[in-house]
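Dumped structure_6.pdb below, it's PDB, C-alpha atoms:
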```
MODEL        1
ATOM      1  CA  MET A 345      -1.834  27.677 -63.702
ATOM      2  CA  LYS A 346      -5.480  26.730 -63.219
ATOM      3  CA  LEU A 347      -6.658  25.622 -66.665
ATOM      4  CA  LEU A 348      -6.276  22.460 -68.687
ATOM      5  CA  VAL A 349      -6.485  23.122 -72.432
ATOM      6  CA  ASP A 350      -6.843  20.285 -74.922
ATOM      7  CA  GLU A 351      -4.806  21.627 -77.829
ATOM      8  CA  GLU A 352      -6.241  19.088 -80.264
ATOM      9  CA  LEU A 353      -9.860  19.995 -79.471
ATOM     10  CA  CYS A 354      -9.277  23.771 -79.406
ATOM     11  CA  LYS A 355     -10.318  25.503 -82.660
ATOM     12  CA  ALA A 356      -8.833  28.892 -81.722
ATOM     13  CA  CYS A 357     -12.258  30.576 -81.943
ATOM     14  CA  ARG A 358     -11.224  33.078 -79.226
ATOM     15  CA  LEU A 359     -14.554  32.906 -77.369
ATOM     16  CA  CYS A 360     -12.716  32.017 -74.160
ATOM     17  CA  GLN A 361     -10.422  35.007 -74.539
ATOM     18  CA  GLN A 362     -13.385  37.318 -75.151
ATOM     19  CA  VAL A 363     -15.224  36.344 -71.933
ATOM     20  CA  CYS A 364     -12.209  36.244 -69.599
ATOM     21  CA  ILE A 365     -12.427  39.335 -67.366
ATOM     22  CA  ARG A 366      -8.892  38.809 -66.003
ATOM     23  CA  ASP A 367      -7.102  38.652 -69.411
ATOM     24  CA  ASN A 368      -5.940  35.197 -68.408
ATOM     25  CA  ILE A 369      -6.207  33.652 -71.888
ATOM     26  CA  VAL A 370      -4.522  34.454 -75.179
ATOM     27  CA  VAL A 371      -5.219  32.515 -78.352
ATOM     28  CA  GLY A 372      -2.795  31.763 -81.121
ATOM     29  CA  ASP A 373      -2.965  28.337 -82.679
ATOM     30  CA  PHE A 374      -4.819  27.340 -79.514
ATOM     31  CA  ALA A 375      -5.796  28.847 -76.156
ATOM     32  CA  VAL A 376      -3.013  29.462 -73.651
ATOM     33  CA  GLU A 377      -3.313  30.562 -70.036
ATOM     34  CA  THR A 378      -1.240  33.609 -69.112
ATOM     35  CA  GLY A 379      -1.423  33.146 -65.350
ATOM     36  CA  ARG A 380      -2.928  36.603 -64.778
ATOM     37  CA  ASN A 381      -4.872  36.077 -61.578
ATOM     38  CA  CYS A 382      -7.520  33.594 -62.722
ATOM     39  CA  PHE A 383     -10.276  33.412 -60.110
ATOM     40  CA  GLU A 384     -11.858  30.290 -61.570
ATOM     41  CA  CYS A 385     -15.151  31.828 -62.688
ATOM     42  CA  GLY A 386     -15.459  29.114 -65.339
ATOM     43  CA  HIS A 387     -16.616  31.414 -68.156
ATOM     44  CA  CYS A 388     -14.017  29.993 -70.516
ATOM     45  CA  MET A 389     -15.084  26.439 -69.749
ATOM     46  CA  ALA A 390     -18.786  27.273 -70.052
ATOM     47  CA  ILE A 391     -18.534  28.989 -73.446
ATOM     48  CA  CYS A 392     -16.151  26.657 -75.286
ATOM     49  CA  LYS A 393     -17.997  24.963 -78.151
ATOM     50  CA  GLU A 394     -15.519  22.093 -78.260
ATOM     51  CA  GLY A 395     -15.205  21.349 -74.553
ATOM     52  CA  ALA A 396     -11.476  22.006 -74.824
ATOM     53  CA  ILE A 397     -11.052  23.837 -71.501
ATOM     54  CA  THR A 398     -11.334  22.436 -67.986
ATOM     55  CA  LEU A 399     -10.574  24.095 -64.675
ATOM     56  CA  LYS A 400      -8.279  21.902 -62.622
ATOM     57  CA  SER A 401     -10.335  22.578 -59.512
ATOM     58  CA  PHE A 402     -13.359  20.963 -61.222
ATOM     59  CA  LEU A 403     -11.638  17.649 -61.918
ATOM     60  CA  GLY A 404     -13.666  14.895 -60.299
ATOM     61  CA  HIS A 405     -16.857  16.925 -60.595
ATOM     62  CA  GLU A 406     -17.640  16.088 -64.198
ATOM     63  CA  ASP A 407     -21.096  14.880 -63.180
ATOM     64  CA  ARG A 408     -21.955  18.528 -62.490
ATOM     65  CA  ILE A 409     -21.309  19.568 -66.094
ATOM     66  CA  GLU A 410     -24.484  19.856 -68.171
ATOM     67  CA  GLU A 411     -24.831  20.854 -71.803
ATOM     68  CA  TYR A 412     -27.760  23.144 -72.648
ATOM     69  CA  ASN A 413     -29.049  25.296 -75.476
ATOM     70  CA  PRO A 414     -28.202  28.915 -74.535
ATOM     71  CA  ARG A 415     -31.090  30.164 -76.689
ATOM     72  CA  GLU A 416     -33.670  28.184 -74.733
ATOM     73  CA  ILE A 417     -34.634  29.635 -71.340
ATOM     74  CA  PRO A 418     -36.306  26.883 -69.251
ATOM     75  CA  LEU A 419     -38.754  29.289 -67.577
ATOM     76  CA  ASP A 420     -40.615  32.135 -69.260
ATOM     77  CA  TYR A 421     -41.081  35.632 -67.827
ATOM     78  CA  ASP A 422     -44.799  35.387 -67.072
ATOM     79  CA  ASP A 423     -44.463  32.128 -65.145
ATOM     80  CA  LEU A 424     -41.544  33.394 -63.087
ATOM     81  CA  LEU A 425     -43.237  36.721 -62.363
ATOM     82  CA  GLN A 426     -46.419  34.935 -61.255
ATOM     83  CA  PHE A 427     -44.315  32.732 -58.985
ATOM     84  CA  LEU A 428     -42.765  35.840 -57.393
ATOM     85  CA  LYS A 429     -46.177  37.463 -57.001
ATOM     86  CA  GLN A 430     -47.500  34.509 -55.030
ATOM     87  CA  ARG A 431     -44.609  34.399 -52.586
ATOM     88  CA  ARG A 432     -45.610  35.406 -49.048
ATOM     89  CA  SER A 433     -43.939  35.131 -45.661
ATOM     90  CA  ILE A 434     -45.176  32.035 -43.822
ATOM     91  CA  ARG A 435     -45.278  31.937 -40.017
ATOM     92  CA  TRP A 436     -47.820  29.177 -39.377
ATOM     93  CA  PHE A 437     -46.419  25.701 -39.946
ATOM     94  CA  LYS A 438     -47.575  22.106 -39.813
ATOM     95  CA  ASN A 439     -46.133  19.825 -37.158
ATOM     96  CA  LYS A 440     -43.915  18.162 -39.753
ATOM     97  CA  LYS A 441     -40.135  18.371 -40.013
ATOM     98  CA  ILE A 442     -38.231  18.845 -43.270
ATOM     99  CA  ASP A 443     -35.943  15.867 -43.898
ATOM    100  CA  LYS A 444     -32.283  16.009 -44.972
ATOM    101  CA  GLU A 445     -33.059  14.898 -48.516
ATOM    102  CA  THR A 446     -35.375  17.867 -49.001
ATOM    103  CA  PHE A 447     -32.821  20.232 -47.485
ATOM    104  CA  SER A 448     -30.272  18.879 -49.971
ATOM    105  CA  LYS A 449     -32.593  19.859 -52.808
ATOM    106  CA  LEU A 450     -32.793  23.382 -51.433
ATOM    107  CA  PHE A 451     -29.042  23.765 -51.155
ATOM    108  CA  GLU A 452     -28.689  22.930 -54.857
ATOM    109  CA  GLY A 453     -29.919  26.467 -55.529
ATOM    110  CA  ALA A 454     -27.183  27.888 -53.325
ATOM    111  CA  TYR A 455     -24.606  25.624 -54.982
ATOM    112  CA  TYR A 456     -25.103  27.525 -58.235
ATOM    113  CA  SER A 457     -25.346  30.952 -56.597
ATOM    114  CA  PRO A 458     -22.956  33.762 -57.593
ATOM    115  CA  SER A 459     -20.577  35.201 -55.009
ATOM    116  CA  ALA A 460     -18.338  38.254 -54.685
ATOM    117  CA  GLN A 461     -14.958  37.685 -56.365
ATOM    118  CA  ASN A 462     -16.117  34.095 -56.888
ATOM    119  CA  GLN A 463     -15.105  33.317 -53.312
ATOM    120  CA  GLN A 464     -17.850  30.691 -52.941
ATOM    121  CA  ASP A 465     -17.472  30.887 -49.173
ATOM    122  CA  VAL A 466     -21.159  30.829 -48.213
ATOM    123  CA  GLU A 467     -21.993  28.303 -45.499
ATOM    124  CA  PHE A 468     -25.310  27.189 -44.058
ATOM    125  CA  VAL A 469     -26.344  25.856 -40.679
ATOM    126  CA  VAL A 470     -29.671  24.057 -40.232
ATOM    127  CA  LEU A 471     -30.806  24.358 -36.643
ATOM    128  CA  ASP A 472     -33.228  21.698 -35.470
ATOM    129  CA  ASP A 473     -32.335  19.733 -32.332
ATOM    130  CA  LYS A 474     -30.246  22.619 -30.981
ATOM    131  CA  LEU A 475     -32.686  25.351 -31.993
ATOM    132  CA  ASP A 476     -33.891  26.089 -28.441
ATOM    133  CA  GLU A 477     -30.325  26.248 -27.154
ATOM    134  CA  PHE A 478     -29.392  28.634 -29.950
ATOM    135  CA  MET A 479     -32.386  30.877 -29.331
ATOM    136  CA  GLU A 480     -31.467  31.172 -25.658
ATOM    137  CA  LEU A 481     -28.024  32.369 -26.747
ATOM    138  CA  VAL A 482     -29.615  34.838 -29.153
ATOM    139  CA  TYR A 483     -31.717  36.313 -26.365
ATOM    140  CA  ASP A 484     -28.738  36.519 -24.047
ATOM    141  CA  ILE A 485     -27.035  38.694 -26.674
ATOM    142  CA  ILE A 486     -29.903  40.835 -27.956
ATOM    143  CA  LYS A 487     -31.590  41.477 -24.579
ATOM    144  CA  VAL A 488     -29.603  44.720 -24.352
ATOM    145  CA  LYS A 489     -32.060  46.055 -26.957
ATOM    146  CA  GLU A 490     -35.226  45.203 -24.987
ATOM    147  CA  ASP A 491     -36.089  48.824 -24.340
ATOM    148  CA  GLU A 492     -35.720  49.630 -28.031
ATOM    149  CA  PHE A 493     -37.688  46.688 -29.470
ATOM    150  CA  PHE A 494     -40.793  45.360 -27.736
ATOM    151  CA  ARG A 495     -40.496  42.084 -29.661
ATOM    152  CA  ILE A 496     -37.218  41.306 -27.921
ATOM    153  CA  LYS A 497     -38.838  41.990 -24.564
ATOM    154  CA  GLU A 498     -41.672  39.612 -25.470
ATOM    155  CA  PHE A 499     -39.070  37.036 -26.446
ATOM    156  CA  GLY A 500     -37.513  37.262 -22.976
ATOM    157  CA  GLU A 501     -40.906  36.901 -21.313
ATOM    158  CA  TYR A 502     -41.630  33.858 -23.473
ATOM    159  CA  LEU A 503     -38.367  32.156 -22.481
ATOM    160  CA  LYS A 504     -39.223  32.645 -18.811
ATOM    161  CA  ASP A 505     -42.778  31.327 -19.242
ATOM    162  CA  ASN A 506     -44.003  30.223 -22.686
ATOM    163  CA  ALA A 507     -47.569  30.180 -21.408
ATOM    164  CA  THR A 508     -47.539  33.982 -21.595
ATOM    165  CA  LYS A 509     -47.640  33.927 -25.419
ATOM    166  CA  GLU A 510     -49.632  31.910 -27.925
ATOM    167  CA  PHE A 511     -46.712  31.833 -30.347
ATOM    168  CA  HIS A 512     -42.941  32.095 -30.079
ATOM    169  CA  PRO A 513     -42.257  35.851 -30.540
ATOM    170  CA  LEU A 514     -39.426  35.236 -33.035
ATOM    171  CA  LEU A 515     -40.070  31.777 -34.499
ATOM    172  CA  TRP A 516     -43.881  31.730 -34.383
ATOM    173  CA  GLU A 517     -44.696  28.071 -35.161
ATOM    174  CA  GLY A 518     -41.325  27.376 -36.792
ATOM    175  CA  SER A 519     -39.129  24.568 -35.508
ATOM    176  CA  GLN A 520     -36.318  24.613 -38.085
ATOM    177  CA  LEU A 521     -34.030  27.492 -38.944
ATOM    178  CA  ILE A 522     -31.507  28.070 -41.746
ATOM    179  CA  LEU A 523     -28.629  30.431 -41.005
ATOM    180  CA  THR A 524     -26.373  31.739 -43.769
ATOM    181  CA  PHE A 525     -22.754  32.752 -43.151
ATOM    182  CA  SER A 526     -20.259  34.459 -45.440
ATOM    183  CA  THR A 527     -17.538  37.089 -45.518
ATOM    184  CA  ASP A 528     -19.744  39.031 -47.942
ATOM    185  CA  LYS A 529     -23.301  40.016 -47.069
ATOM    186  CA  THR A 530     -24.589  40.177 -50.642
ATOM    187  CA  SER A 531     -23.315  36.685 -51.442
ATOM    188  CA  ALA A 532     -25.095  35.276 -48.389
ATOM    189  CA  VAL A 533     -28.388  37.015 -49.131
ATOM    190  CA  ILE A 534     -28.415  35.975 -52.795
ATOM    191  CA  ALA A 535     -27.670  32.363 -51.875
ATOM    192  CA  ASN A 536     -30.441  32.228 -49.285
ATOM    193  CA  THR A 537     -32.909  33.906 -51.650
ATOM    194  CA  ARG A 538     -32.311  31.206 -54.245
ATOM    195  CA  LEU A 539     -32.781  28.586 -51.569
ATOM    196  CA  GLU A 540     -36.003  30.270 -50.467
ATOM    197  CA  LEU A 541     -37.484  30.278 -53.974
ATOM    198  CA  LEU A 542     -36.709  26.599 -54.393
ATOM    199  CA  ALA A 543     -38.410  26.016 -51.044
ATOM    200  CA  TYR A 544     -41.644  27.544 -52.356
ATOM    201  CA  SER A 545     -41.410  25.385 -55.474
ATOM    202  CA  LEU A 546     -41.379  22.323 -53.174
ATOM    203  CA  GLY A 547     -44.431  23.443 -51.224
ATOM    204  CA  LEU A 548     -42.431  24.831 -48.301
ATOM    205  CA  GLY A 549     -42.526  28.331 -46.854
ATOM    206  CA  GLY A 550     -40.882  30.576 -44.335
ATOM    207  CA  PHE A 551     -39.863  34.056 -43.254
ATOM    208  CA  TYR A 552     -36.756  36.057 -42.435
ATOM    209  CA  SER A 553     -35.924  37.191 -38.911
ATOM    210  CA  LEU A 554     -33.981  40.420 -38.512
ATOM    211  CA  PHE A 555     -34.054  40.081 -34.727
ATOM    212  CA  ILE A 556     -31.974  36.907 -34.835
ATOM    213  CA  LEU A 557     -29.447  38.693 -37.054
ATOM    214  CA  LYS A 558     -29.016  41.339 -34.373
ATOM    215  CA  ALA A 559     -27.107  38.775 -32.336
ATOM    216  CA  ASP A 560     -24.279  38.926 -34.860
ATOM    217  CA  GLU A 561     -24.424  42.716 -35.034
ATOM    218  CA  ILE A 562     -24.264  43.097 -31.234
ATOM    219  CA  ASP A 563     -21.713  40.422 -30.270
ATOM    220  CA  HIS A 564     -20.254  38.527 -33.198
ATOM    221  CA  GLU A 565     -17.598  36.740 -31.129
ATOM    222  CA  LYS A 566     -20.075  35.366 -28.599
ATOM    223  CA  LEU A 567     -22.428  34.218 -31.344
ATOM    224  CA  MET A 568     -19.696  32.436 -33.282
ATOM    225  CA  ASP A 569     -18.667  30.446 -30.221
ATOM    226  CA  PHE A 570     -21.819  28.442 -30.927
ATOM    227  CA  PHE A 571     -20.422  27.560 -34.382
ATOM    228  CA  PRO A 572     -16.777  26.483 -33.875
ATOM    229  CA  GLU A 573     -16.793  24.773 -37.281
ATOM    230  CA  ILE A 574     -17.252  28.102 -39.099
ATOM    231  CA  ASN A 575     -14.479  30.633 -39.723
ATOM    232  CA  LYS A 576     -15.058  33.596 -37.403
ATOM    233  CA  ASN A 577     -14.296  35.992 -40.239
ATOM    234  CA  LYS A 578     -17.689  35.043 -41.618
ATOM    235  CA  HIS A 579     -20.849  36.729 -40.377
ATOM    236  CA  MET A 580     -24.410  35.521 -40.020
ATOM    237  CA  TYR A 581     -26.152  37.529 -42.728
ATOM    238  CA  SER A 582     -29.427  35.654 -43.171
ATOM    239  CA  SER A 583     -31.817  33.899 -40.816
ATOM    240  CA  PHE A 584     -34.709  32.020 -42.410
ATOM    241  CA  ILE A 585     -37.339  30.082 -40.475
ATOM    242  CA  ILE A 586     -38.697  27.321 -42.719
ATOM    243  CA  GLY A 587     -41.353  24.609 -42.692
ATOM    244  CA  TYR A 588     -44.513  23.195 -44.244
ATOM    245  CA  PRO A 589     -47.198  25.901 -44.387
ATOM    246  CA  LYS A 590     -50.352  25.400 -42.371
ATOM    247  CA  LYS A 591     -52.079  28.332 -44.101
ATOM    248  CA  ARG A 592     -52.375  29.018 -47.843
ATOM    249  CA  PHE A 593     -52.993  32.467 -49.262
ATOM    250  CA  ARG A 594     -55.394  33.110 -52.151
ATOM    251  CA  ARG A 595     -54.495  36.419 -53.771
ATOM    252  CA  THR A 596     -51.713  38.907 -54.321
ATOM    253  CA  ILE A 597     -51.478  42.089 -52.268
ATOM    254  CA  PRO A 598     -50.403  45.437 -53.770
ATOM    255  CA  HIS A 599     -47.048  46.794 -52.658
ATOM    256  CA  LYS A 600     -45.777  50.329 -52.484
ATOM    257  CA  GLU A 601     -44.612  51.594 -55.839
ATOM    258  CA  ILE A 602     -40.941  50.932 -56.501
ATOM    259  CA  LYS A 603     -38.958  54.060 -57.202
ATOM    260  CA  VAL A 604     -36.705  53.716 -60.230
ATOM    261  CA  THR A 605     -34.477  56.491 -61.517
ATOM    262  CA  PHE A 606     -32.822  56.379 -64.933
ATOM    263  CA  LYS A 607     -29.879  58.704 -65.516
TER
ENDMDL
END
```

Give the structure from this file in structure tokens form.
Amino acid sequence: MKLLVDEELCKACRLCQQVCIRDNIVVGDFAVETGRNCFECGHCMAICKEGAITLKSFLGHEDRIEEYNPREIPLDYDDLLQFLKQRRSIRWFKNKKIDKETFSKLFEGAYYSPSAQNQQDVEFVVLDDKLDEFMELVYDIIKVKEDEFFRIKEFGEYLKDNATKEFHPLLWEGSQLILTFSTDKTSAVIANTRLELLAYSLGLGGFYSLFILKADEIDHEKLMDFFPEINKNKHMYSSFIIGYPKKRFRRTIPHKEIKVTFK
């Protein structure tokens, strides 16, 4: 059993039963857990008006519980849409490192991110001191695709002699990299996207690198040897170069029309 129900506080309103997608709660005089495969989504705990339900796994984390008015959205549509409009990939960075306190603020967004089957197995690696070593490993893996992608060939030339290129072919002026690992690709991408949006709210910027991700696609085992602390069943699904922008953009740029089909 995974729930603690305060029978005295419970008013038998049945809200918890109505939101449980696993039929794990029945309500008579008070709520009772049936033991039907609860996956600890927390819906019952979040909707209870009386605070009568607690997940056992959340004990000791009471400081994370916040009351709020569900009818008050803290950010309106126009502000959020404008924020999304102004987002652009940043490849030119100041010579200033992001500190651990700021990174902690970013990972708060991932902390509250949804995940497939509520697995919550997303992990992040911030590469800084070992970034060059990691990038050499990446090239050693993805160099088999040099003939297919000229950028990879440029990357190899840069590693042999960085005077041949003005910027790093994959990192540009970036010196810090966030990698996201998970058993589920969608969970990883959503978590990193939330982190990215928080980064822009703090005056940071960055861009995604698909070429770095190819290292996992080509030789997952060899890549994961660099990360012995991470379960090898997880894959690197997002690679985000991040820093303080050197350049600031002034206007939005039109995109291709999005195709939407209603059936």

On this structure, which residues satisfy the PyMOL selection byres ((chain A and resi 438) around 8), written as an MDAnalysis selection string? chainID A and resid 436:437 439:440 587:590

Shortest contact to Met479 of chain A, candidates A:Phe499, A:Tyr544, A:Phe451, A:Phe383, atoms counted all atoms listed in the file, goes to A:Phe499

Enter the distance from atom CA of Leu515 of chain A to atom CA of Arg435 of chain A, in Å, rounded to one decimal. 7.6 Å

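Atom CA of Val376 of chain A to atom CA of Glu394 of chain A spans 15.2 Å [interatomic distance, one decimal].
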
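Excluding Asn462 of chain A and any residue on its chain fewer than 2 positions from it, the residues at most 12 Å away by all atoms listed in the file are Cys382, Phe383, Glu384, Cys385, Gly386, His387, Tyr456, Ser457, Pro458, Ser459, Ala460, Gln464, Asp465, Val466, Thr527, Asp528 and Ser531 of chain A.
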
Which residues match the PyMOL selection byres ((chain A and resi 593) around 10) in the file above, as a PyMOL selection string? chain A and resi 430-432+434+591-592+594-596

Report, in Å with one decimal, the straight-line distance from atom CA of Ile496 of chain A to atom CA of Gln520 of chain A. 19.6 Å

For segment 503-518 of chain A, I'd like the enclosing box, axis-aligned and padded by 4 Å on every side, reported as JSON with centre and edge lengths in Å to one decimal.
```
{"center_x": -44.0, "center_y": 31.6, "center_z": -27.8, "size_x": 19.3, "size_y": 16.5, "size_z": 26.0}
```

Which residue out of A:Ile585, A:Leu481, A:Ala356, A:Val604 has the minimum interatomic distance to Leu514 of chain A when all atoms listed in the file are used? A:Ile585

Mind telling me what the PyMOL selection byres ((chain A and resi 541-543) around 9) catches here, as a ChimeraX atom specification? /A:427-428,431,446-447,449-453,536-540,544-550,586-587

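For the choices A:Val370, A:Ala535, A:Ile365, A:Leu353, the atom-to-atom distance to Ala396 of chain A is smallest for A:Leu353 when using only C-alpha atoms.
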
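Nearest to Glu492 of chain A of all the residues A:Thr524, A:Asp422, A:Phe555, A:Phe511 is A:Phe555, based on all atoms listed in the file.
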
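Nearest to Leu403 of chain A of all the residues A:Lys346, A:Lys489, A:Lys444, A:His564 is A:Lys346, based on all atoms listed in the file.
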
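Non-sequential neighbours of Ile369 of chain A (distance at most 12 Å, separation of 4 or more positions within a chain, all atoms listed in the file) are Met345, Lys346, Leu347, Leu348, Val349, Ala356, Arg358, Leu359, Cys360, Gln361, Gln362, Val363, Cys364, Ile365, Phe374, Ala375, Val376, Glu377, Thr378, Gly379, Arg380, Asn381, Cys382, His387, Cys388, Met389 and Ile397 of chain A.
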